[in-house]
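As provided, protein_29.txt (compact mmCIF, C-alpha atoms) reads as follows.
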```txt
# COMPACT_ATOMS: atom_id res chain seq x y z
CA MET A 1 -29.25 -43.07 -3.98
CA LYS A 2 -26.88 -40.13 -3.68
CA GLY A 3 -24.05 -39.41 -1.33
CA VAL A 4 -21.63 -41.69 0.45
CA PHE A 5 -23.11 -45.01 1.54
CA SER A 6 -22.31 -46.30 5.01
CA ALA A 7 -23.08 -49.92 5.79
CA PRO A 8 -25.84 -50.38 8.40
CA GLY A 9 -24.70 -51.60 11.80
CA ASP A 10 -26.85 -54.73 11.66
CA TYR A 11 -25.28 -55.64 8.31
CA VAL A 12 -21.79 -55.30 9.78
CA HIS A 13 -22.92 -57.53 12.64
CA PHE A 14 -24.31 -60.05 10.15
CA LYS A 15 -21.01 -60.18 8.25
CA SER A 16 -19.17 -60.87 11.49
CA GLN A 17 -21.51 -63.72 12.44
CA VAL A 18 -22.47 -65.51 9.22
CA PRO A 19 -19.79 -67.09 6.99
CA LEU A 20 -19.78 -66.58 3.26
CA HIS A 21 -19.46 -69.77 1.18
CA LYS A 22 -17.98 -69.92 -2.31
CA ILE A 23 -17.82 -73.13 -4.31
CA PRO A 24 -17.06 -73.75 -7.99
CA ILE A 25 -19.43 -76.21 -9.67
CA GLY A 26 -18.34 -76.91 -13.21
CA THR A 27 -17.75 -73.54 -14.81
CA LYS A 28 -20.07 -71.73 -12.39
CA GLN A 29 -18.97 -69.97 -9.22
CA TRP A 30 -21.61 -70.02 -6.48
CA ARG A 31 -21.52 -67.43 -3.72
CA TYR A 32 -24.01 -67.97 -0.91
CA TYR A 33 -24.84 -67.81 2.80
CA ASP A 34 -26.17 -70.87 4.62
CA PHE A 35 -27.20 -70.44 8.24
CA GLY A 36 -29.51 -72.28 10.60
CA PRO A 37 -30.03 -75.82 11.92
CA LYS A 38 -29.02 -78.24 9.21
CA VAL A 39 -31.80 -80.70 10.04
CA VAL A 40 -34.48 -78.19 8.99
CA PRO A 41 -35.52 -78.10 5.29
CA PRO A 42 -34.04 -74.84 3.99
CA LEU A 43 -35.71 -71.71 2.71
CA ILE A 44 -33.62 -70.63 -0.30
CA CYS A 45 -33.75 -66.93 -1.21
CA LEU A 46 -33.21 -65.85 -4.82
CA PRO A 47 -32.56 -62.14 -5.47
CA GLY A 48 -33.60 -59.97 -8.38
CA THR A 49 -31.46 -58.47 -11.13
CA ALA A 50 -29.97 -55.83 -8.83
CA GLY A 51 -29.63 -58.08 -5.79
CA THR A 52 -26.96 -60.30 -4.28
CA ALA A 53 -26.97 -62.93 -1.57
CA ASP A 54 -26.35 -60.13 0.94
CA VAL A 55 -29.70 -58.40 0.41
CA TYR A 56 -31.47 -61.09 2.47
CA TYR A 57 -29.27 -60.64 5.52
CA LYS A 58 -32.21 -59.49 7.66
CA GLN A 59 -34.12 -62.69 6.85
CA ILE A 60 -31.09 -64.86 7.59
CA MET A 61 -30.48 -63.33 11.01
CA SER A 62 -34.12 -63.24 12.09
CA LEU A 63 -35.32 -66.64 10.89
CA SER A 64 -32.17 -68.52 11.89
CA MET A 65 -32.55 -67.28 15.46
CA LYS A 66 -36.05 -68.81 15.44
CA GLY A 67 -34.69 -72.19 14.37
CA TYR A 68 -35.08 -72.07 10.57
CA ARG A 69 -32.37 -72.73 8.03
CA VAL A 70 -32.00 -69.98 5.43
CA ILE A 71 -29.81 -70.11 2.31
CA SER A 72 -29.30 -66.96 0.26
CA VAL A 73 -27.54 -67.27 -3.09
CA ASP A 74 -26.15 -65.07 -5.82
CA ILE A 75 -27.47 -65.83 -9.28
CA PRO A 76 -24.43 -67.25 -11.09
CA ARG A 77 -23.37 -66.38 -14.62
CA VAL A 78 -25.93 -68.31 -16.63
CA TRP A 79 -27.18 -66.96 -19.94
CA ASN A 80 -30.51 -68.70 -20.49
CA ASN A 81 -33.20 -70.31 -18.39
CA THR A 82 -32.34 -73.89 -19.32
CA GLU A 83 -28.79 -73.32 -18.14
CA TRP A 84 -30.17 -71.85 -14.90
CA ILE A 85 -32.27 -74.94 -14.13
CA GLN A 86 -29.34 -77.29 -14.69
CA ALA A 87 -26.88 -75.15 -12.74
CA PHE A 88 -29.21 -74.70 -9.76
CA GLU A 89 -29.87 -78.45 -9.56
CA LYS A 90 -26.13 -79.13 -9.52
CA PHE A 91 -25.76 -76.55 -6.76
CA LEU A 92 -28.38 -78.28 -4.62
CA ASP A 93 -26.65 -81.61 -5.16
CA ALA A 94 -23.31 -80.09 -4.18
CA ILE A 95 -24.61 -78.76 -0.86
CA ASP A 96 -26.55 -81.99 -0.23
CA VAL A 97 -30.02 -80.41 -0.20
CA HIS A 98 -32.89 -82.35 -1.78
CA HIS A 99 -36.21 -80.73 -0.84
CA ILE A 100 -36.43 -76.96 -0.71
CA HIS A 101 -38.74 -74.01 -0.17
CA LEU A 102 -38.05 -71.08 -2.50
CA TYR A 103 -38.45 -67.36 -1.81
CA GLY A 104 -37.86 -65.23 -4.90
CA THR A 105 -38.27 -61.55 -5.65
CA SER A 106 -38.48 -60.04 -9.15
CA LEU A 107 -36.19 -62.09 -11.41
CA GLY A 108 -35.56 -64.49 -8.52
CA GLY A 109 -39.28 -65.25 -8.29
CA PHE A 110 -39.43 -65.99 -12.01
CA LEU A 111 -36.44 -68.35 -11.78
CA ALA A 112 -37.99 -70.04 -8.73
CA GLN A 113 -41.15 -70.79 -10.72
CA LEU A 114 -39.16 -72.16 -13.66
CA PHE A 115 -37.24 -74.50 -11.39
CA ALA A 116 -40.46 -75.65 -9.71
CA GLN A 117 -41.94 -76.35 -13.13
CA HIS A 118 -39.03 -78.45 -14.40
CA ARG A 119 -37.91 -80.03 -11.11
CA PRO A 120 -41.22 -80.46 -9.22
CA ARG A 121 -39.97 -83.20 -6.91
CA ARG A 122 -37.48 -80.89 -5.25
CA VAL A 123 -39.67 -77.85 -4.61
CA ARG A 124 -42.06 -78.08 -1.68
CA SER A 125 -43.42 -74.51 -1.66
CA LEU A 126 -42.97 -71.03 -3.14
CA VAL A 127 -43.00 -67.48 -1.81
CA LEU A 128 -43.21 -65.02 -4.72
CA SER A 129 -42.72 -61.28 -4.28
CA ASN A 130 -43.06 -58.58 -6.95
CA THR A 131 -42.45 -61.05 -9.76
CA PHE A 132 -43.83 -62.18 -13.13
CA LEU A 133 -44.72 -65.16 -15.33
CA GLU A 134 -43.12 -64.32 -18.69
CA THR A 135 -40.31 -62.17 -20.10
CA ARG A 136 -41.94 -60.93 -23.32
CA SER A 137 -42.50 -57.38 -22.09
CA PHE A 138 -38.92 -57.07 -20.84
CA SER A 139 -37.38 -58.28 -24.11
CA ALA A 140 -39.59 -55.83 -26.04
CA ALA A 141 -38.39 -52.96 -23.86
CA MET A 142 -34.74 -53.92 -24.40
CA PRO A 143 -34.10 -54.12 -28.17
CA TRP A 144 -30.33 -54.20 -27.61
CA ALA A 145 -30.59 -57.51 -25.70
CA PRO A 146 -28.66 -59.49 -28.39
CA ILE A 147 -25.52 -57.44 -27.68
CA VAL A 148 -25.87 -57.27 -23.91
CA SER A 149 -22.84 -59.51 -23.42
CA TRP A 150 -20.63 -56.90 -25.13
CA THR A 151 -22.12 -53.86 -23.41
CA PRO A 152 -19.74 -51.89 -21.13
CA SER A 153 -20.21 -52.26 -17.40
CA PHE A 154 -21.16 -48.62 -16.74
CA LEU A 155 -24.01 -48.80 -19.26
CA LEU A 156 -25.33 -52.02 -17.74
CA LYS A 157 -25.27 -50.54 -14.25
CA ARG A 158 -27.00 -47.39 -15.48
CA TYR A 159 -29.72 -49.46 -17.13
CA VAL A 160 -30.28 -51.55 -13.98
CA LEU A 161 -30.33 -48.50 -11.70
CA THR A 162 -32.81 -46.62 -13.89
CA GLY A 163 -35.30 -49.36 -13.04
CA ILE A 164 -35.12 -48.36 -9.39
CA ARG A 165 -37.40 -45.47 -8.59
CA ASP A 166 -35.47 -42.36 -7.61
CA GLY A 167 -36.98 -39.46 -5.75
CA PRO A 168 -38.45 -38.75 -2.33
CA HIS A 169 -38.74 -41.92 -0.27
CA GLU A 170 -39.68 -42.74 3.26
CA PRO A 171 -36.44 -43.14 5.25
CA PHE A 172 -36.65 -46.92 5.54
CA ILE A 173 -37.28 -47.28 1.79
CA ALA A 174 -34.46 -44.86 0.96
CA ASP A 175 -32.10 -46.94 3.09
CA SER A 176 -33.12 -50.11 1.26
CA VAL A 177 -32.48 -48.45 -2.11
CA ASP A 178 -29.07 -47.23 -0.96
CA PHE A 179 -28.12 -50.71 0.18
CA VAL A 180 -29.16 -52.36 -3.09
CA VAL A 181 -27.34 -49.70 -5.12
CA SER A 182 -24.20 -50.45 -3.12
CA GLN A 183 -24.61 -54.12 -4.01
CA VAL A 184 -25.01 -53.31 -7.71
CA GLU A 185 -21.62 -51.61 -7.57
CA THR A 186 -20.05 -54.93 -6.52
CA LEU A 187 -21.38 -56.80 -9.56
CA SER A 188 -19.09 -57.36 -12.53
CA ARG A 189 -20.01 -56.73 -16.15
CA GLU A 190 -20.50 -60.45 -16.74
CA ASP A 191 -22.81 -60.73 -13.72
CA LEU A 192 -25.04 -57.91 -14.89
CA ALA A 193 -25.03 -59.04 -18.52
CA SER A 194 -26.04 -62.60 -17.63
CA ARG A 195 -28.89 -61.43 -15.39
CA LEU A 196 -30.25 -59.12 -18.06
CA SER A 197 -30.01 -62.01 -20.51
CA LEU A 198 -32.15 -64.11 -18.17
CA THR A 199 -34.67 -61.28 -17.97
CA THR A 200 -34.98 -60.99 -21.75
CA ASP A 201 -34.62 -64.68 -22.65
CA ASP A 202 -37.88 -65.71 -24.28
CA ALA A 203 -39.52 -67.93 -21.65
CA SER A 204 -42.70 -68.28 -19.65
CA VAL A 205 -43.82 -70.31 -16.67
CA GLY A 206 -46.01 -73.28 -17.45
CA PRO A 207 -48.32 -75.22 -15.11
CA LEU A 208 -46.80 -76.17 -11.75
CA LEU A 209 -47.29 -79.34 -9.80
CA VAL A 210 -46.91 -77.32 -6.60
CA SER A 211 -50.36 -76.80 -5.12
CA ASP A 212 -51.68 -73.24 -4.84
CA SER A 213 -52.05 -73.88 -1.11
CA CYS A 214 -48.25 -74.12 -0.92
CA ILE A 215 -47.72 -70.77 -2.64
CA THR A 216 -47.65 -67.34 -0.99
CA ILE A 217 -47.75 -64.16 -3.09
CA MET A 218 -46.25 -61.22 -1.22
CA ASP A 219 -46.56 -57.87 -3.01
CA THR A 220 -46.18 -54.23 -2.06
CA ASN A 221 -49.08 -51.88 -2.71
CA ASP A 222 -47.20 -48.59 -3.11
CA TYR A 223 -44.95 -48.91 -6.17
CA CYS A 224 -42.70 -51.45 -7.82
CA ALA A 225 -40.52 -51.78 -10.91
CA ILE A 226 -42.63 -54.76 -12.00
CA PRO A 227 -45.73 -53.48 -13.86
CA GLN A 228 -49.01 -54.09 -12.07
CA GLN A 229 -50.33 -55.96 -15.10
CA LEU A 230 -47.64 -58.63 -14.71
CA LYS A 231 -48.35 -58.96 -11.00
CA ASP A 232 -52.05 -59.37 -11.74
CA GLN A 233 -51.24 -62.16 -14.19
CA LEU A 234 -49.36 -63.94 -11.42
CA GLY A 235 -52.37 -63.70 -9.10
CA GLU A 236 -54.67 -65.05 -11.80
CA ARG A 237 -52.37 -68.02 -12.39
CA TYR A 238 -52.47 -69.03 -8.70
CA PRO A 239 -56.00 -68.09 -7.57
CA GLU A 240 -55.90 -70.21 -4.40
CA ALA A 241 -52.49 -68.96 -3.27
CA ARG A 242 -52.22 -67.13 0.02
CA ARG A 243 -51.94 -63.36 -0.48
CA ALA A 244 -49.76 -61.21 1.74
CA HIS A 245 -50.15 -57.51 1.03
CA LEU A 246 -47.60 -55.00 2.27
CA LYS A 247 -48.97 -51.46 2.39
CA THR A 248 -45.55 -49.97 1.68
CA GLY A 249 -42.07 -51.27 1.03
CA GLY A 250 -41.13 -50.32 -2.52
CA ASP A 251 -39.05 -52.68 -4.64
CA PHE A 252 -37.17 -54.20 -1.71
CA PRO A 253 -39.59 -54.96 1.14
CA PHE A 254 -37.21 -57.58 2.56
CA LEU A 255 -34.95 -54.64 3.47
CA SER A 256 -37.47 -51.85 4.06
CA ARG A 257 -40.14 -53.92 5.86
CA PRO A 258 -38.12 -56.84 7.28
CA ASP A 259 -40.36 -57.51 10.30
CA GLU A 260 -43.49 -57.91 8.16
CA VAL A 261 -41.69 -59.98 5.52
CA ASN A 262 -40.12 -62.24 8.14
CA LEU A 263 -43.50 -62.76 9.79
CA HIS A 264 -45.11 -63.77 6.48
CA LEU A 265 -42.21 -66.11 5.72
CA GLN A 266 -42.52 -67.71 9.13
CA LEU A 267 -46.28 -68.18 8.72
CA HIS A 268 -45.73 -69.68 5.27
CA LEU A 269 -43.16 -72.18 6.53
CA ARG A 270 -45.44 -73.22 9.37
CA ARG A 271 -48.35 -73.63 6.98
CA VAL A 272 -46.40 -75.96 4.66
CA GLY A 273 -45.20 -78.09 7.55
CA VAL A 274 -41.66 -76.85 8.23
CA GLU A 275 -40.90 -77.25 11.93
CA ALA A 276 -38.41 -74.82 13.38
CA ARG A 277 -35.76 -76.09 15.79
CA PRO A 278 -35.07 -73.22 18.21
CA ASP A 279 -33.55 -75.74 20.62
CA LEU A 280 -30.60 -76.11 18.22
CA VAL A 281 -29.89 -72.42 17.81
CA HIS A 282 -27.38 -71.80 20.60
CA ASN A 283 -25.73 -75.19 21.04
CA ILE A 284 -24.91 -76.47 17.59
CA PRO A 285 -21.36 -77.82 17.30
CA LYS A 286 -19.34 -76.62 14.35
CA GLY A 287 -19.89 -79.83 12.41
CA ASP A 288 -23.67 -79.34 12.47
CA LEU A 289 -23.56 -75.71 11.38
CA GLY A 290 -26.14 -74.96 8.73
CA GLY A 291 -23.48 -74.91 6.08
CA SER A 292 -22.69 -77.09 3.15
CA PRO A 293 -19.75 -79.41 2.47
CA SER A 294 -17.95 -76.83 0.38
CA LYS A 295 -14.24 -76.96 -0.31
CA GLU A 296 -13.50 -73.77 1.54
CA ASN A 297 -12.27 -75.50 4.67
CA ASN A 298 -10.19 -78.22 3.04
CA GLY A 299 -6.44 -78.04 3.20
CA ASP A 300 -4.55 -75.29 1.44
CA ASP A 301 -7.63 -74.03 -0.37
CA SER A 302 -9.13 -72.54 2.78
CA ASP A 303 -7.50 -69.16 2.35
CA LYS A 304 -8.65 -68.88 -1.25
CA SER A 305 -12.20 -69.93 -0.58
CA HIS A 306 -12.72 -67.32 2.11
CA GLU A 307 -11.49 -64.59 -0.20
CA ASP A 308 -14.36 -62.78 -1.85
CA ASP A 309 -14.03 -62.22 -5.57
CA ARG A 310 -15.36 -58.71 -5.04
CA GLY A 311 -12.77 -57.81 -2.45
CA GLY A 312 -12.41 -58.45 1.26
CA SER A 313 -12.60 -61.71 3.12
CA GLU A 314 -15.09 -63.44 5.36
CA ASN A 315 -14.54 -64.59 8.93
CA PRO A 316 -16.82 -67.47 9.86
CA PRO A 317 -17.83 -67.79 13.50
CA ALA A 318 -16.58 -70.64 15.63
CA ASP A 319 -20.07 -72.07 16.06
CA TYR A 320 -23.69 -71.37 15.29
CA GLU A 321 -24.36 -69.31 18.39
CA ILE A 322 -25.63 -65.88 17.34
CA ASN A 323 -24.63 -62.87 19.36
CA PRO A 324 -27.40 -60.31 19.93
CA THR A 325 -27.82 -57.97 17.02
CA PRO A 326 -26.97 -54.38 17.90
CA GLU A 327 -29.90 -52.00 17.92
CA SER A 328 -29.94 -50.87 14.36
CA SER A 329 -32.50 -50.26 11.67
CA GLY A 330 -31.96 -49.69 8.00
CA SER A 331 -31.59 -45.98 8.65
CA ARG A 332 -28.83 -46.34 11.26
CA ASN A 333 -25.22 -46.63 10.24
CA LEU A 334 -21.80 -47.12 11.71
CA ASP A 335 -21.43 -43.42 12.48
CA LYS A 336 -24.19 -43.69 15.10
CA GLN A 337 -22.79 -46.74 16.88
CA PRO A 338 -20.15 -46.68 19.64
CA LEU A 339 -16.79 -48.28 19.02
CA ASP A 340 -16.40 -50.79 21.79
CA SER A 341 -13.31 -52.58 20.54
CA SER A 342 -9.78 -51.31 20.87
CA GLU A 343 -9.05 -51.79 17.21
CA CYS A 344 -11.09 -51.58 14.01
CA CYS A 345 -9.48 -52.92 10.85
CA HIS A 346 -10.52 -51.81 7.37
CA LEU A 347 -11.53 -54.60 4.99
CA ASP A 348 -8.62 -54.08 2.66
CA HIS A 349 -6.18 -54.52 5.56
CA GLU A 350 -4.44 -51.27 4.70
CA LEU A 351 -5.92 -48.95 7.32
CA THR A 352 -6.28 -49.61 11.02
CA LEU A 353 -8.14 -47.25 13.35
CA HIS A 354 -6.96 -47.45 16.97
CA VAL A 355 -9.45 -46.25 19.58
CA PHE A 356 -8.18 -45.49 23.06
CA PRO A 357 -10.28 -45.25 26.25
CA ASP A 358 -10.07 -41.46 26.39
CA GLY A 359 -11.63 -41.16 22.93
CA PHE A 360 -8.36 -40.28 21.20
CA THR A 361 -8.05 -41.98 17.82
CA LYS A 362 -5.08 -42.59 15.60
CA GLU A 363 -4.88 -43.95 12.08
CA LYS A 364 -2.11 -46.34 11.19
CA HIS A 365 -1.40 -47.40 7.60
CA ILE A 366 -0.29 -50.98 7.32
CA VAL A 367 1.41 -52.45 4.28
CA PRO A 368 -0.24 -55.76 3.41
CA PRO A 369 2.01 -58.83 3.69
CA GLY A 370 3.89 -59.61 0.53
CA THR A 371 3.74 -56.04 -0.83
CA PRO A 372 6.93 -55.32 -2.84
CA VAL A 373 9.16 -52.58 -1.46
CA HIS A 374 9.41 -50.86 -4.83
CA PHE A 375 5.62 -50.56 -4.93
CA VAL A 376 5.63 -48.73 -1.59
CA GLY A 377 8.40 -46.43 -2.81
CA GLY A 378 6.50 -45.72 -5.99
CA TYR A 379 3.41 -44.92 -4.00
CA ILE A 380 5.33 -42.39 -1.86
CA VAL A 381 6.87 -40.73 -4.93
CA LEU A 382 3.48 -40.53 -6.63
CA PHE A 383 1.94 -39.02 -3.50
CA HIS A 384 4.54 -36.24 -3.26
CA LEU A 385 4.34 -35.61 -7.01
CA LEU A 386 0.60 -35.07 -6.81
CA ARG A 387 1.04 -32.69 -3.88
CA TYR A 388 3.65 -30.75 -5.85
CA ILE A 389 1.41 -30.47 -8.91
CA SER A 390 -1.56 -29.36 -6.83
CA SER A 391 0.54 -26.66 -5.13
CA LEU A 392 1.74 -25.39 -8.52
CA TYR A 393 -1.87 -25.21 -9.68
CA ILE A 394 -2.88 -23.20 -6.60
CA ILE A 395 0.05 -20.76 -7.04
CA TRP A 396 -0.77 -20.32 -10.74
CA ASN A 397 -4.43 -19.71 -9.98
CA TYR A 398 -3.69 -17.03 -7.39
CA SER A 399 -1.13 -15.33 -9.65
CA LEU A 400 -3.71 -15.20 -12.46
CA GLU A 401 -6.27 -13.57 -10.15
CA PHE A 402 -3.62 -11.07 -8.99
CA ARG A 403 -2.84 -10.10 -12.58
CA GLN A 404 -6.52 -9.56 -13.31
CA VAL A 405 -6.81 -7.28 -10.29
CA VAL A 406 -3.71 -5.28 -11.30
```

Whole structure given in structure tokens:
Amino acid sequence: MKGVFSAPGDYVHFKSQVPLHKIPIGTKQWRYYDFGPKVVPPLICLPGTAGTADVYYKQIMSLSMKGYRVISVDIPRVWNNTEWIQAFEKFLDAIDVHHIHLYGTSLGGFLAQLFAQHRPRRVRSLVLSNTFLETRSFSAAMPWAPIVSWTPSFLLKRYVLTGIRDGPHEPFIADSVDFVVSQVETLSREDLASRLSLTTDDASVGPLLVSDSCITIMDTNDYCAIPQQLKDQLGERYPEARRAHLKTGGDFPFLSRPDEVNLHLQLHLRRVGVEARPDLVHNIPKGDLGGSPSKENNGDDSDKSHEDDRGGSENPPADYEINPTPESSGSRNLDKQPLDSSECCHLDHELTLHVFPDGFTKEKHIVPPGTPVHFVGGYIVLFHLLRYISSLYIIWNYSLEFRQVV
């Protein structure tokens, strides 16, 4: 969790292949990925308090190549569980999805169970990982929950990150922690406050109409932020559910143990009757892309919809064909991968790195379109002023040392 984070190569590849969707529904902004054959009933992934839609990128890439449709969503800014159920149902209506299979971890697993309880006709099966049945213990451990909506962002982030075990990790677990921490940094104060409110909102999961045979419980056996007592309660509630035990994996097995998690997800989908369509993977026209009828491609709003509210923009591929993922694990990063293109552009469009065949590189600063000239001039003046102040400080420091010597 320390040091400079560098995005894994397979994540960079994922971002170049899979489009990000953003649609406003009422007062809620939904940010999600939707990839895979549209004719297949989707597996919808719900992250935990510290997660975003991006944390399931390994599941999206792997399962979509096998012919499954995977949707990964950000939890929107909802402040209680009733609001969550209503907002999620409106989201499903907006993307024209009626019957779903839910995969939730931590808070996402709890929200998946609540939705299955109150909207049983829409949920066909559940995959629950490191999750719980009730929020009483979390609200008791957070006495300042009533003022969470007024808490500063840095305190909310510190509270969320303290729930992630720090210390010596196996390399693949350390990489998963680093990735999730980088995602926490992208969350706004309102995002974090609303998720903590969901965690402490007094609620519990009642009886489900979903059969235990359509539920898979996937837990890690090494350590987890969710107390073992709460995980045992979950197992007692669904005694006939299929159990998938991961020997290691920490809090984020979908990142640290993606091959095992993807295998269990695939077995679950087969068991509940979801038929993959690998024949549609490489030849799906753009109209049949596993996306939703969002407003991001309509008229003048296209530029705004592709602009991420956390910075950067997304470039959707021309069709559903997936290029081979570069050889990369969670522990590999961009520094270990060759630069094959002649130009690499930074996400903020202000720095371009030109790579020539002989290995010589040159950085070129580009002023974004529409930048006022006076802003550029002010930036140059500020730059030289800082250099001048730093040089004065160095001269003063050396003169002080010289006086002490004399």

For this session: For each of A:Ile75, A:Val210, A:Ile100, A:Leu267, take the minimum atom-to-atom distance to Pro47 of chain A, counting only C-alpha atoms, then give the residue where this is smallest.
Result: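 Once distances to Pro47 of chain A are computed over only C-alpha atoms, the minimum belongs to A:Ile75.
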
What are the nearest atom pairs, with distances in Å to one decimal, for all residues of segment 118-215 of chain A that come at most 7 Å from segment 49-56 of chain A, using all atoms listed in the file, set out by chain and rising residue number as a Markdown table?
```
| residue | atom | partner | partner_atom | distance |
| --- | --- | --- | --- | --- |
| A:Val160 | CA | A:Ala50 | CA | 6.7 |
| A:Val180 | CA | A:Gly51 | CA | 6.3 |
| A:Gln183 | CA | A:Thr52 | CA | 6.6 |
| A:Val184 | CA | A:Ala50 | CA | 5.7 |
| A:Arg195 | CA | A:Thr49 | CA | 5.8 |
```

For this session: Show me as a ChimeraX atom specification the residues that reach within 12 Å of (-42.3, -59.0, 6.8), counting only C-alpha atoms and using the file's own coordinates.
Result: /A:56,58-59,62-63,129,218-220,244-249,252-268

Exercise. Just how far from atom CA of Arg119 of chain A is atom CA of Leu133 of chain A, in Å to one decimal?
Worked result: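 Distance reported for this atom pair: 16.9 Å.
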
Exercise. Between A:Ile71, A:Met61, A:Leu196, A:Leu102, which is the closest to Leu128 of chain A once you count all atoms listed in the file?
Worked result: A:Leu102

Exercise. Looking at only C-alpha atoms, which of A:Pro239, A:Pro24, A:Pro146, A:Gly163 is the one that sits closest to Thr200 of chain A?
Worked result: A:Pro146

Given only C-alpha atoms, how would the per-residue table for segment 91-190 of chain A near segment 25-34 of chain A read, listing every residue at most 12 Å away with its closest atom pair and distance in Å to one decimal, sorted by chain and number, as a Markdown table?
```
| residue | atom | partner | partner_atom | distance |
| --- | --- | --- | --- | --- |
| A:Phe91 | CA | A:Ile25 | CA | 7.0 |
| A:Leu92 | CA | A:Ile25 | CA | 10.5 |
| A:Asp93 | CA | A:Ile25 | CA | 10.1 |
| A:Ala94 | CA | A:Ile25 | CA | 7.8 |
| A:Ile95 | CA | A:Asp34 | CA | 9.7 |
| A:Val97 | CA | A:Asp34 | CA | 11.4 |
```

If you count all atoms listed in the file, which residues fall within 9 Å of Arg136 of chain A, apart from same-chain ones fewer than 6 positions away, as a short mmCIF file (atom, residue, chain, number, x, y, z; two decimals) with C-alpha atoms, in the coordinates of the input?
```cif
data_model
loop_
_atom_site.label_atom_id
_atom_site.label_comp_id
_atom_site.auth_asym_id
_atom_site.auth_seq_id
_atom_site.Cartn_x
_atom_site.Cartn_y
_atom_site.Cartn_z
CA THR A 200 -34.98 -60.99 -21.75
CA ASP A 201 -34.62 -64.68 -22.65
CA ASP A 202 -37.88 -65.71 -24.28
CA ALA A 203 -39.52 -67.93 -21.65
CA SER A 204 -42.70 -68.28 -19.65
#
```

For this session: Mind giving me the straight-line distance from atom CA of Leu198 of chain A to atom CA of Trp79 of chain A in Å, one decimal?
Result: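 Between atom CA of Leu198 of chain A and atom CA of Trp79 of chain A the gap works out to 6.0 Å.
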
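The space between atom CA of Lys38 of chain A and atom CA of His99 of chain A spans 12.6 Å.
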
Seminar exercise, completed: One residue among A:Val181, A:Phe138, A:Asn221, A:Glu275 is nearest to Lys66 of chain A when using all atoms listed in the file, and that residue is A:Glu275

Exercise. In terms of the shortest atom-to-atom distance over all atoms listed in the file, which of A:Asp191, A:Val73, A:Phe179, A:Gly48 is closest to Ser6 of chain A?
Worked result: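 Ranked by minimum distance to Ser6 of chain A, first place goes to A:Phe179.
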
Problem set entry | Contacts of Phe132 of chain A within 10 Å, all atoms listed in the file, excl. fewer than 4 positions in-chain, as JSON, numbers by chain | {"A": [105, 106, 107, 108, 109, 110, 111, 113, 128, 204, 205, 226, 227, 228, 229, 230, 231, 232, 233, 234, 235]}

Problem set entry | Residue among A:Ala7, A:Ala140, A:Ala112, A:Leu43 lying closest to Val272 of chain A, counting only C-alpha atoms |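 Closest residue, counting only C-alpha atoms: A:Leu43.
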